[in-house]
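In what follows, a structure is listed as structure tokens, so that the remarks can point back to it.
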Amino acid sequence: MKITDIECFVLLVPDYRADACSSAQDDLVVKIHTDEGVTGIGETDTNPWVARAMIEAPGTHIMGLGLKEMLIGADPLDVEGLWERMYTGSAMTGRRGLGICAIGALDMALWDLRGKIENKPVWQLLGGAAQSAVTPYASLLPEGDTLDQYTESLVKRAVKAKTLGFRAVKLEVCIKGPYAHNSIQIEDDRAIAEVVRACREAIGPEMTVMVDVAYCWPDWKAALRAIEMFADEDIYFVETPLPSDDIDGYAKLTAACDVRIAAGEWLNTRFEFREYMERDALDVVQPDVGRVGGLTEARRVALQARDRGLVVVPHCWKSAIGIAASVHLAAISPTCAFVEYLPAALADSRLRKDLVLDEFTLVDGRLPLPDRPGLGVTLNEAALAEFRVP
């Protein structure tokens with residue numbers, strides 16, 4: 001069997017907001033076709049037009065080859081070998097950043113393809129389950145152009161997540177710093193604590209609560225001071241409190257803070273994660289399957305975390321394709337505690353709601369391991385056509 005073609009689909013919801021913090025408004029979906037009619041699907045969370053160019057553009061020398069041209073004619077079952085081929089062959093142009101995200105979409109599709117060929121779910125191909133079910137947390141991004149509206153929206157979504165059967169929620173409290181939600185930009189850190197406290201009061205003490213602050217503090221001492229204002233609300237982790245390149249700051253904050261510190265959504269490859277781990281700069285590592293380089297590389301990150309006794313919580317803010325890949329990763333990760341899950345019932349993006357035909361469903365607050373071949377989800381071809389743009 002050989003790979004015969006790769007299709008890239010840039011998707012965009014028509015009512016997208018460029019001032020919003022949600023990257024679920026667009027997508028790059030790939031299909032990898034074979035000469036025996038089997039097709040694998042994947043996606044990544046980055047600028048879809050540029051990622052498409054990274055895949056489709058031809059190369060002119062052996063250090064900057066195009067990703068598509070390296071895969072055409074190859075054996076689709078050699079997934080890890082193809083990862084090394086893509087990483088090495090595109091190293092001059094794609095060693096980090098967007099190039100790894102593009103590889104991530106293709107690698108995800110290759111694992112889906114291999115699972116369909118071998119009639120096995122991907123988690124079995126990745127080494128077998130380390131746990132019998134996966135616990136998702138509901139990832140909650142509210143609406144509102146004022147702090148009061150934002151807080152009210154987040155409280156309502158947290159309560160709704162509880163009624164949907166989730167055992168855990170992550171509060172997107174993005175109201176300070178460079179990625180503050182819409183028109184909201186606060187200076188007083190006490191407002192963050194008040195939002196967290198309002199949500200905890202609404203859902204009660206039994207649910208696990210995480211807090212994402214979207215890189216809002218400039219240094220570790222400011223972050224520590226602010227986190228201590230809401231640490232008594234029994235917070236499981238605080239996500240991305242500092243800029244990604246401030247590894248020194250993360251190390252100092254992790255050592256000083258009683259609340260777990262989490263990051264990794266923007267990190268590419270095991271090499272960037274290893275730098276954080278070797279510096280004791282995180283309590284929780286958050287590989288995003290599409291961005292880290294696919295399931296091949298995400299598994300390596302998860303095993304590095306296992307060897308260091310660190311918690312793994314895969315990041316995913318995209319469609320049900322990425323959620324499925326995250327669930328397979330979580331299944332084989334011994335130290336995985338939760339997986340990010342944007343509930344369709346609480347999502348604003350129709351890409352999240354409509355892109356696949358078959359959702360993974362909660363059973364007593366957990367996701368049973370998928371038993372269908374590959375990733376276990378089916379593309380909604382009508383939605384793919386509806387949201388496709390040039």
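Starting from 1 in every chain, residues are counted up; chains themselves are A, B, ... following the order of the structure tokens, and ligands are numbered from 1 as listed.
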Item to check | Picked from range 190-252 of chain A by DSSP as strand (DSSP E), as a list in words | outcome: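 Here is the list: Thr208, Val209, Met210, Val211, Asp212, Ile235, Tyr236, Phe237, Val238 and Glu239 of chain A.
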The selected residues should be written to file as a PDB file, in the first residue's frame (atoms: N, CA and C atoms).
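Below is the file that was written, again.pdb:
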ATOM      1  N   THR A 208     -13.508  19.372  40.269  1.00  0.00           N
ATOM      2  CA  THR A 208     -12.136  19.838  40.094  1.00  0.00           C
ATOM      3  C   THR A 208     -12.149  21.100  39.241  1.00  0.00           C
ATOM      4  N   VAL A 209     -11.358  22.099  39.639  1.00  0.00           N
ATOM      5  CA  VAL A 209     -11.323  23.379  38.927  1.00  0.00           C
ATOM      6  C   VAL A 209      -9.888  23.700  38.526  1.00  0.00           C
ATOM      7  N   MET A 210      -9.705  23.986  37.227  1.00  0.00           N
ATOM      8  CA  MET A 210      -8.458  24.527  36.715  1.00  0.00           C
ATOM      9  C   MET A 210      -8.707  25.968  36.259  1.00  0.00           C
ATOM     10  N   VAL A 211      -7.635  26.753  36.146  1.00  0.00           N
ATOM     11  CA  VAL A 211      -7.752  28.147  35.728  1.00  0.00           C
ATOM     12  C   VAL A 211      -6.707  28.445  34.666  1.00  0.00           C
ATOM     13  N   ASP A 212      -7.173  28.956  33.520  1.00  0.00           N
ATOM     14  CA  ASP A 212      -6.281  29.379  32.434  1.00  0.00           C
ATOM     15  C   ASP A 212      -6.277  30.900  32.389  1.00  0.00           C
ATOM     16  N   ILE A 235      -7.693  24.854  43.684  1.00  0.00           N
ATOM     17  CA  ILE A 235      -7.415  24.902  42.247  1.00  0.00           C
ATOM     18  C   ILE A 235      -6.438  23.785  41.886  1.00  0.00           C
ATOM     19  N   TYR A 236      -6.780  23.000  40.864  1.00  0.00           N
ATOM     20  CA  TYR A 236      -5.924  21.878  40.484  1.00  0.00           C
ATOM     21  C   TYR A 236      -4.660  22.364  39.773  1.00  0.00           C
ATOM     22  N   PHE A 237      -4.799  23.295  38.838  1.00  0.00           N
ATOM     23  CA  PHE A 237      -3.628  23.936  38.245  1.00  0.00           C
ATOM     24  C   PHE A 237      -3.988  25.306  37.700  1.00  0.00           C
ATOM     25  N   VAL A 238      -2.950  26.127  37.528  1.00  0.00           N
ATOM     26  CA  VAL A 238      -3.051  27.396  36.815  1.00  0.00           C
ATOM     27  C   VAL A 238      -2.260  27.249  35.527  1.00  0.00           C
ATOM     28  N   GLU A 239      -2.923  27.524  34.416  1.00  0.00           N
ATOM     29  CA  GLU A 239      -2.330  27.303  33.093  1.00  0.00           C
ATOM     30  C   GLU A 239      -1.749  28.588  32.515  1.00  0.00           C
TER      31      GLU A 239
END
Next on the checklist: I'd like the neighbourhood of range 181-194 of chain A as a ChimeraX atom specification, where a residue qualifies if any of its atoms comes within 7 Å (using only C-alpha atoms), though same-chain residues fewer than 3 positions away should be ignored.
Outcome noted: /A:19-21,145-147,173-176,197-198,226,229-230
Item to check | Two-atom distance - CA of Tyr341 in chain A, CA of Lys116 in chain A (Å) | outcome: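 Those two atoms sit 24.0 Å apart.
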Next on the checklist: From the options A:Met70, A:Leu367, A:Leu126, A:Ile321, which residue's atoms come nearest to Val30 in chain A, counting only C-alpha atoms?
Outcome noted: A:Ile321
Exercise: Arg52 in chain A partners within 8 Å, only C-alpha atoms, chain neighbours under 3 positions left out, as a PDB file with N, CA and C atoms, in the first residue's frame:
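So the final result, stored in around_32.pdb, reads:
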ATOM      1  N   CYS A   8      -5.565  19.202   1.619  1.00  0.00           N
ATOM      2  CA  CYS A   8      -5.610  20.153   2.732  1.00  0.00           C
ATOM      3  C   CYS A   8      -6.864  21.011   2.613  1.00  0.00           C
ATOM      4  N   PHE A   9      -7.583  21.144   3.710  1.00  0.00           N
ATOM      5  CA  PHE A   9      -8.823  21.906   3.734  1.00  0.00           C
ATOM      6  C   PHE A   9      -8.697  23.029   4.763  1.00  0.00           C
ATOM      7  N   VAL A  10      -8.686  24.270   4.290  1.00  0.00           N
ATOM      8  CA  VAL A  10      -8.737  25.415   5.188  1.00  0.00           C
ATOM      9  C   VAL A  10     -10.205  25.707   5.479  1.00  0.00           C
ATOM     10  N   LEU A  28      -7.303  23.599   9.980  1.00  0.00           N
ATOM     11  CA  LEU A  28      -6.700  22.932   8.834  1.00  0.00           C
ATOM     12  C   LEU A  28      -6.926  21.443   9.011  1.00  0.00           C
ATOM     13  N   PRO A  48      -4.247  28.237   9.437  1.00  0.00           N
ATOM     14  CA  PRO A  48      -4.429  27.140   8.489  1.00  0.00           C
ATOM     15  C   PRO A  48      -3.892  27.428   7.100  1.00  0.00           C
ATOM     16  N   TRP A  49      -3.896  28.684   6.669  1.00  0.00           N
ATOM     17  CA  TRP A  49      -3.394  29.001   5.332  1.00  0.00           C
ATOM     18  C   TRP A  49      -1.884  28.766   5.253  1.00  0.00           C
ATOM     19  N   ILE A  55       2.693  22.352   3.904  1.00  0.00           N
ATOM     20  CA  ILE A  55       2.495  20.986   3.417  1.00  0.00           C
ATOM     21  C   ILE A  55       2.630  20.904   1.905  1.00  0.00           C
ATOM     22  N   GLU A  56       2.019  21.833   1.212  1.00  0.00           N
ATOM     23  CA  GLU A  56       1.901  21.722  -0.241  1.00  0.00           C
ATOM     24  C   GLU A  56       3.086  22.295  -1.005  1.00  0.00           C
ATOM     25  N   ALA A 102       2.280  21.621  11.172  1.00  0.00           N
ATOM     26  CA  ALA A 102       1.887  20.982   9.916  1.00  0.00           C
ATOM     27  C   ALA A 102       2.208  19.487   9.953  1.00  0.00           C
TER      28      ALA A 102
END
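Contact shell of range 244-256 of chain A at 6 Å (only C-alpha atoms; same-chain neighbours under 3 positions omitted): Trp220, Ile261, Asp280 and Ala281 of chain A.
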Give me, as a compact mmCIF listing (two decimals) with N, CA and C atoms, in the first residue's frame, the residues of range 157-372 of chain A that a backbone DSSP run labels helix (DSSP H, G or I).
# COMPACT_ATOMS: atom_id res chain seq x y z
N ARG A 157 -21.78 28.74 32.33
CA ARG A 157 -21.18 27.61 31.61
C ARG A 157 -20.62 26.56 32.57
N ALA A 158 -20.09 27.01 33.68
CA ALA A 158 -19.59 26.05 34.67
C ALA A 158 -20.75 25.23 35.25
N VAL A 159 -21.85 25.88 35.54
CA VAL A 159 -23.02 25.17 36.06
C VAL A 159 -23.56 24.21 35.00
N LYS A 160 -23.59 24.64 33.75
CA LYS A 160 -24.06 23.77 32.66
C LYS A 160 -23.15 22.56 32.52
N ALA A 161 -21.85 22.76 32.61
CA ALA A 161 -20.92 21.63 32.52
C ALA A 161 -21.19 20.61 33.61
N LYS A 162 -21.53 21.09 34.80
CA LYS A 162 -21.85 20.18 35.90
C LYS A 162 -23.10 19.38 35.58
N THR A 163 -24.11 20.03 35.03
CA THR A 163 -25.35 19.32 34.68
C THR A 163 -25.13 18.34 33.54
N ARG A 190 -7.18 41.21 41.72
CA ARG A 190 -8.27 40.75 42.56
C ARG A 190 -9.51 40.41 41.73
N ALA A 191 -9.63 41.00 40.54
CA ALA A 191 -10.77 40.68 39.67
C ALA A 191 -10.70 39.23 39.21
N ILE A 192 -9.50 38.72 38.95
CA ILE A 192 -9.35 37.32 38.56
C ILE A 192 -9.80 36.42 39.70
N ALA A 193 -9.37 36.75 40.89
CA ALA A 193 -9.77 35.95 42.06
C ALA A 193 -11.28 35.98 42.24
N GLU A 194 -11.91 37.11 42.00
CA GLU A 194 -13.35 37.22 42.17
C GLU A 194 -14.10 36.36 41.15
N VAL A 195 -13.59 36.30 39.92
CA VAL A 195 -14.22 35.45 38.90
C VAL A 195 -14.12 33.99 39.30
N VAL A 196 -12.93 33.57 39.72
CA VAL A 196 -12.73 32.18 40.14
C VAL A 196 -13.63 31.85 41.32
N ARG A 197 -13.71 32.75 42.27
CA ARG A 197 -14.51 32.51 43.47
C ARG A 197 -16.00 32.38 43.14
N ALA A 198 -16.48 33.21 42.21
CA ALA A 198 -17.89 33.14 41.81
C ALA A 198 -18.22 31.79 41.17
N CYS A 199 -17.31 31.28 40.37
CA CYS A 199 -17.55 29.98 39.72
C CYS A 199 -17.51 28.85 40.73
N ARG A 200 -16.53 28.89 41.63
CA ARG A 200 -16.44 27.84 42.64
C ARG A 200 -17.69 27.83 43.52
N GLU A 201 -18.17 28.98 43.89
CA GLU A 201 -19.37 29.06 44.72
C GLU A 201 -20.58 28.48 43.99
N ALA A 202 -20.65 28.69 42.66
CA ALA A 202 -21.80 28.24 41.89
C ALA A 202 -21.82 26.72 41.70
N ILE A 203 -20.65 26.09 41.56
CA ILE A 203 -20.63 24.66 41.26
C ILE A 203 -20.34 23.79 42.47
N TRP A 220 7.37 36.18 37.44
CA TRP A 220 6.90 35.12 38.33
C TRP A 220 6.43 35.64 39.68
N LYS A 221 6.99 36.73 40.15
CA LYS A 221 6.54 37.25 41.44
C LYS A 221 5.14 37.84 41.34
N ALA A 222 4.86 38.52 40.24
CA ALA A 222 3.49 39.03 40.04
C ALA A 222 2.51 37.88 39.92
N ALA A 223 2.91 36.81 39.23
CA ALA A 223 2.04 35.65 39.08
C ALA A 223 1.79 34.99 40.44
N LEU A 224 2.83 34.82 41.23
CA LEU A 224 2.68 34.18 42.54
C LEU A 224 1.75 34.98 43.43
N ARG A 225 1.93 36.28 43.47
CA ARG A 225 1.08 37.15 44.29
C ARG A 225 -0.39 37.00 43.89
N ALA A 226 -0.66 36.98 42.58
CA ALA A 226 -2.04 36.89 42.10
C ALA A 226 -2.65 35.53 42.36
N ILE A 227 -1.88 34.47 42.12
CA ILE A 227 -2.41 33.11 42.32
C ILE A 227 -2.78 32.88 43.78
N ALA A 231 -5.92 30.80 45.55
CA ALA A 231 -5.43 29.44 45.78
C ALA A 231 -6.29 28.68 46.77
N ASP A 232 -6.99 29.39 47.66
CA ASP A 232 -7.82 28.71 48.66
C ASP A 232 -9.12 28.17 48.08
N GLU A 233 -9.33 28.33 46.77
CA GLU A 233 -10.52 27.78 46.12
C GLU A 233 -10.28 26.36 45.60
N ILE A 247 11.39 30.50 30.79
CA ILE A 247 11.55 29.23 31.49
C ILE A 247 12.11 29.45 32.89
N ASP A 248 12.99 30.41 33.07
CA ASP A 248 13.48 30.74 34.41
C ASP A 248 12.31 31.13 35.32
N GLY A 249 11.41 31.97 34.80
CA GLY A 249 10.26 32.38 35.59
C GLY A 249 9.36 31.22 35.95
N TYR A 250 9.14 30.32 35.00
CA TYR A 250 8.32 29.15 35.29
C TYR A 250 8.97 28.28 36.38
N ALA A 251 10.28 28.13 36.31
CA ALA A 251 10.97 27.31 37.31
C ALA A 251 10.84 27.92 38.71
N LYS A 252 10.99 29.23 38.81
CA LYS A 252 10.89 29.89 40.10
C LYS A 252 9.45 29.86 40.62
N LEU A 253 8.49 30.06 39.73
CA LEU A 253 7.08 30.04 40.13
C LEU A 253 6.66 28.64 40.57
N THR A 254 7.07 27.64 39.83
CA THR A 254 6.72 26.26 40.18
C THR A 254 7.29 25.88 41.54
N ALA A 255 8.49 26.34 41.84
CA ALA A 255 9.10 26.03 43.13
C ALA A 255 8.41 26.75 44.28
N ALA A 256 7.91 27.96 44.02
CA ALA A 256 7.37 28.78 45.09
C ALA A 256 5.87 28.61 45.32
N THR A 269 7.57 19.78 19.77
CA THR A 269 8.48 18.64 19.89
C THR A 269 8.86 18.35 21.33
N ARG A 270 9.38 17.15 21.51
CA ARG A 270 9.84 16.71 22.83
C ARG A 270 11.03 17.53 23.33
N PHE A 271 11.75 18.16 22.40
CA PHE A 271 12.94 18.90 22.79
C PHE A 271 12.58 20.13 23.61
N GLU A 272 11.54 20.86 23.20
CA GLU A 272 11.13 22.02 23.98
C GLU A 272 10.55 21.60 25.33
N PHE A 273 9.77 20.52 25.35
CA PHE A 273 9.24 20.03 26.62
C PHE A 273 10.37 19.56 27.53
N ARG A 274 11.36 18.92 26.95
CA ARG A 274 12.47 18.42 27.77
C ARG A 274 13.20 19.55 28.47
N GLU A 275 13.33 20.69 27.80
CA GLU A 275 14.00 21.83 28.43
C GLU A 275 13.24 22.28 29.68
N TYR A 276 11.92 22.35 29.60
CA TYR A 276 11.11 22.69 30.77
C TYR A 276 11.27 21.64 31.87
N MET A 277 11.19 20.36 31.46
CA MET A 277 11.25 19.29 32.46
C MET A 277 12.60 19.26 33.17
N GLU A 278 13.66 19.44 32.43
CA GLU A 278 14.99 19.39 33.03
C GLU A 278 15.24 20.56 33.98
N VAL A 289 -1.69 17.75 20.65
CA VAL A 289 -1.27 16.72 19.70
C VAL A 289 -0.91 17.33 18.35
N GLY A 290 -1.75 18.22 17.84
CA GLY A 290 -1.47 18.80 16.54
C GLY A 290 -0.25 19.70 16.54
N ARG A 291 -0.08 20.48 17.60
CA ARG A 291 1.01 21.45 17.63
C ARG A 291 2.35 20.84 18.01
N VAL A 292 2.34 19.79 18.84
CA VAL A 292 3.61 19.24 19.32
C VAL A 292 4.31 18.41 18.25
N LEU A 295 0.78 12.55 17.16
CA LEU A 295 0.76 11.52 18.21
C LEU A 295 2.13 10.88 18.42
N THR A 296 2.91 10.80 17.36
CA THR A 296 4.26 10.23 17.50
C THR A 296 5.06 11.01 18.53
N GLU A 297 5.06 12.33 18.41
CA GLU A 297 5.85 13.15 19.32
C GLU A 297 5.14 13.35 20.66
N ALA A 298 3.83 13.42 20.66
CA ALA A 298 3.09 13.59 21.91
C ALA A 298 3.32 12.38 22.83
N ARG A 299 3.38 11.19 22.26
CA ARG A 299 3.67 10.01 23.08
C ARG A 299 5.05 10.12 23.71
N ARG A 300 6.02 10.60 22.98
CA ARG A 300 7.37 10.76 23.54
C ARG A 300 7.35 11.74 24.71
N VAL A 301 6.60 12.84 24.58
CA VAL A 301 6.49 13.81 25.66
C VAL A 301 5.84 13.16 26.88
N ALA A 302 4.78 12.40 26.66
CA ALA A 302 4.07 11.76 27.76
C ALA A 302 4.97 10.78 28.51
N LEU A 303 5.81 10.07 27.79
CA LEU A 303 6.71 9.11 28.44
C LEU A 303 7.84 9.82 29.18
N GLN A 304 8.31 10.95 28.64
CA GLN A 304 9.28 11.75 29.38
C GLN A 304 8.68 12.24 30.69
N ALA A 305 7.42 12.67 30.63
CA ALA A 305 6.75 13.13 31.85
C ALA A 305 6.60 11.99 32.85
N ARG A 306 6.24 10.82 32.36
CA ARG A 306 6.14 9.66 33.23
C ARG A 306 7.45 9.40 33.97
N ASP A 307 8.54 9.46 33.24
CA ASP A 307 9.84 9.15 33.84
C ASP A 307 10.24 10.17 34.90
N ARG A 308 9.63 11.37 34.85
CA ARG A 308 9.95 12.42 35.82
C ARG A 308 8.84 12.60 36.86
N ALA A 320 -13.62 17.95 17.16
CA ALA A 320 -13.66 16.61 17.75
C ALA A 320 -12.60 15.69 17.16
N ILE A 321 -11.96 16.07 16.06
CA ILE A 321 -10.83 15.29 15.53
C ILE A 321 -9.67 15.35 16.53
N GLY A 322 -9.31 16.58 16.92
CA GLY A 322 -8.23 16.74 17.88
C GLY A 322 -8.57 16.17 19.24
N ILE A 323 -9.83 16.30 19.65
CA ILE A 323 -10.25 15.70 20.92
C ILE A 323 -10.03 14.19 20.88
N ALA A 324 -10.41 13.56 19.76
CA ALA A 324 -10.21 12.11 19.64
C ALA A 324 -8.74 11.75 19.76
N ALA A 325 -7.87 12.50 19.08
CA ALA A 325 -6.43 12.23 19.18
C ALA A 325 -5.95 12.38 20.62
N SER A 326 -6.46 13.39 21.33
CA SER A 326 -6.07 13.62 22.72
C SER A 326 -6.50 12.47 23.62
N VAL A 327 -7.68 11.92 23.35
CA VAL A 327 -8.17 10.80 24.16
C VAL A 327 -7.27 9.58 23.96
N HIS A 328 -6.86 9.31 22.72
CA HIS A 328 -5.95 8.19 22.48
C HIS A 328 -4.61 8.41 23.19
N LEU A 329 -4.11 9.66 23.17
CA LEU A 329 -2.88 9.96 23.89
C LEU A 329 -3.06 9.75 25.38
N ALA A 330 -4.16 10.26 25.92
CA ALA A 330 -4.41 10.11 27.34
C ALA A 330 -4.49 8.64 27.75
N ALA A 331 -5.08 7.82 26.90
CA ALA A 331 -5.25 6.41 27.22
C ALA A 331 -3.93 5.69 27.45
N ILE A 332 -2.88 6.10 26.71
CA ILE A 332 -1.61 5.40 26.81
C ILE A 332 -0.61 6.10 27.72
N ALA A 344 -19.44 20.32 22.95
CA ALA A 344 -20.20 20.86 21.81
C ALA A 344 -21.38 21.69 22.29
N ALA A 345 -21.99 21.29 23.40
CA ALA A 345 -23.15 22.00 23.92
C ALA A 345 -22.79 23.39 24.45
N LEU A 346 -21.51 23.63 24.71
CA LEU A 346 -21.08 24.92 25.23
C LEU A 346 -20.14 25.65 24.28
N ARG A 350 -19.25 26.57 15.17
CA ARG A 350 -19.92 25.47 14.49
C ARG A 350 -18.94 24.42 13.99
N LEU A 351 -17.69 24.78 13.83
CA LEU A 351 -16.68 23.76 13.49
C LEU A 351 -16.59 22.73 14.60
N ARG A 352 -16.62 23.19 15.84
CA ARG A 352 -16.60 22.25 16.96
C ARG A 352 -17.89 21.42 17.01
N LYS A 353 -19.01 22.03 16.67
CA LYS A 353 -20.29 21.34 16.77
C LYS A 353 -20.52 20.34 15.63
N ASP A 354 -20.07 20.69 14.40
CA ASP A 354 -20.56 20.00 13.21
C ASP A 354 -19.52 19.21 12.42
Item to check | Point-to-point distance from CA of Pro370 in chain A to CA of Leu11 in chain A, Å rounded to tenths | outcome: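 Computed distance, CA of Pro370 in chain A to CA of Leu11 in chain A, equals 26.1 Å.
Each of A:Val213, A:Leu379, A:Leu140, A:Cys257 was compared to Thr39 in chain A using only C-alpha atoms, and A:Leu379 turns out to be the nearest.
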Item to check | 8 Å contact set for Tyr87 in chain A, only C-alpha atoms, chain neighbours under 6 positions out, as a list in words | outcome: Gly94, Arg95, Ile100 and Ile103 of chain A
Checklist entry - Looking at A:Ala347, A:Val50, A:Val285, A:Met1, which one is nearest to Leu267 in chain A, with distances taken over only C-alpha atoms? => result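 Ranked by minimum distance to Leu267 in chain A, first place goes to A:Val285.
Atom to atom, CA of Lys170 in chain A and CA of Ala263 in chain A stand 13.5 Å apart.
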Checklist entry - Using only C-alpha atoms, which of A:Gly294, A:Pro390, A:Gly128, A:Gly374 sits nearest Ser333 in chain A? => result A:Gly128
Next on the checklist: Counting only C-alpha atoms, which residue out of A:Ala180, A:Val313, A:Cys336, A:Leu98 sits closest to Asp288 in chain A?
Outcome noted: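 Answer, going by the shortest atom-to-atom distance: A:Val313.
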Checklist entry - Quick one: residues within 10 Å of Ala24 in chain A, only C-alpha atoms counted, chain neighbours fewer than 5 positions away excluded, as a list in words? => result Leu12, Val13, Tyr16, Asp45, Thr46, Cys316, Trp317, Lys318, Ser319, Leu342, Ala347, Asp348, Ser349, Arg350, Leu351 and Arg352 of chain A
Item to check | All residues 6 Å or closer to Ile72 in chain A, only C-alpha atoms, same chain fewer than 2 positions away omitted, as a PyMOL selection string | outcome: chain A and resi 3-4+69-70+74
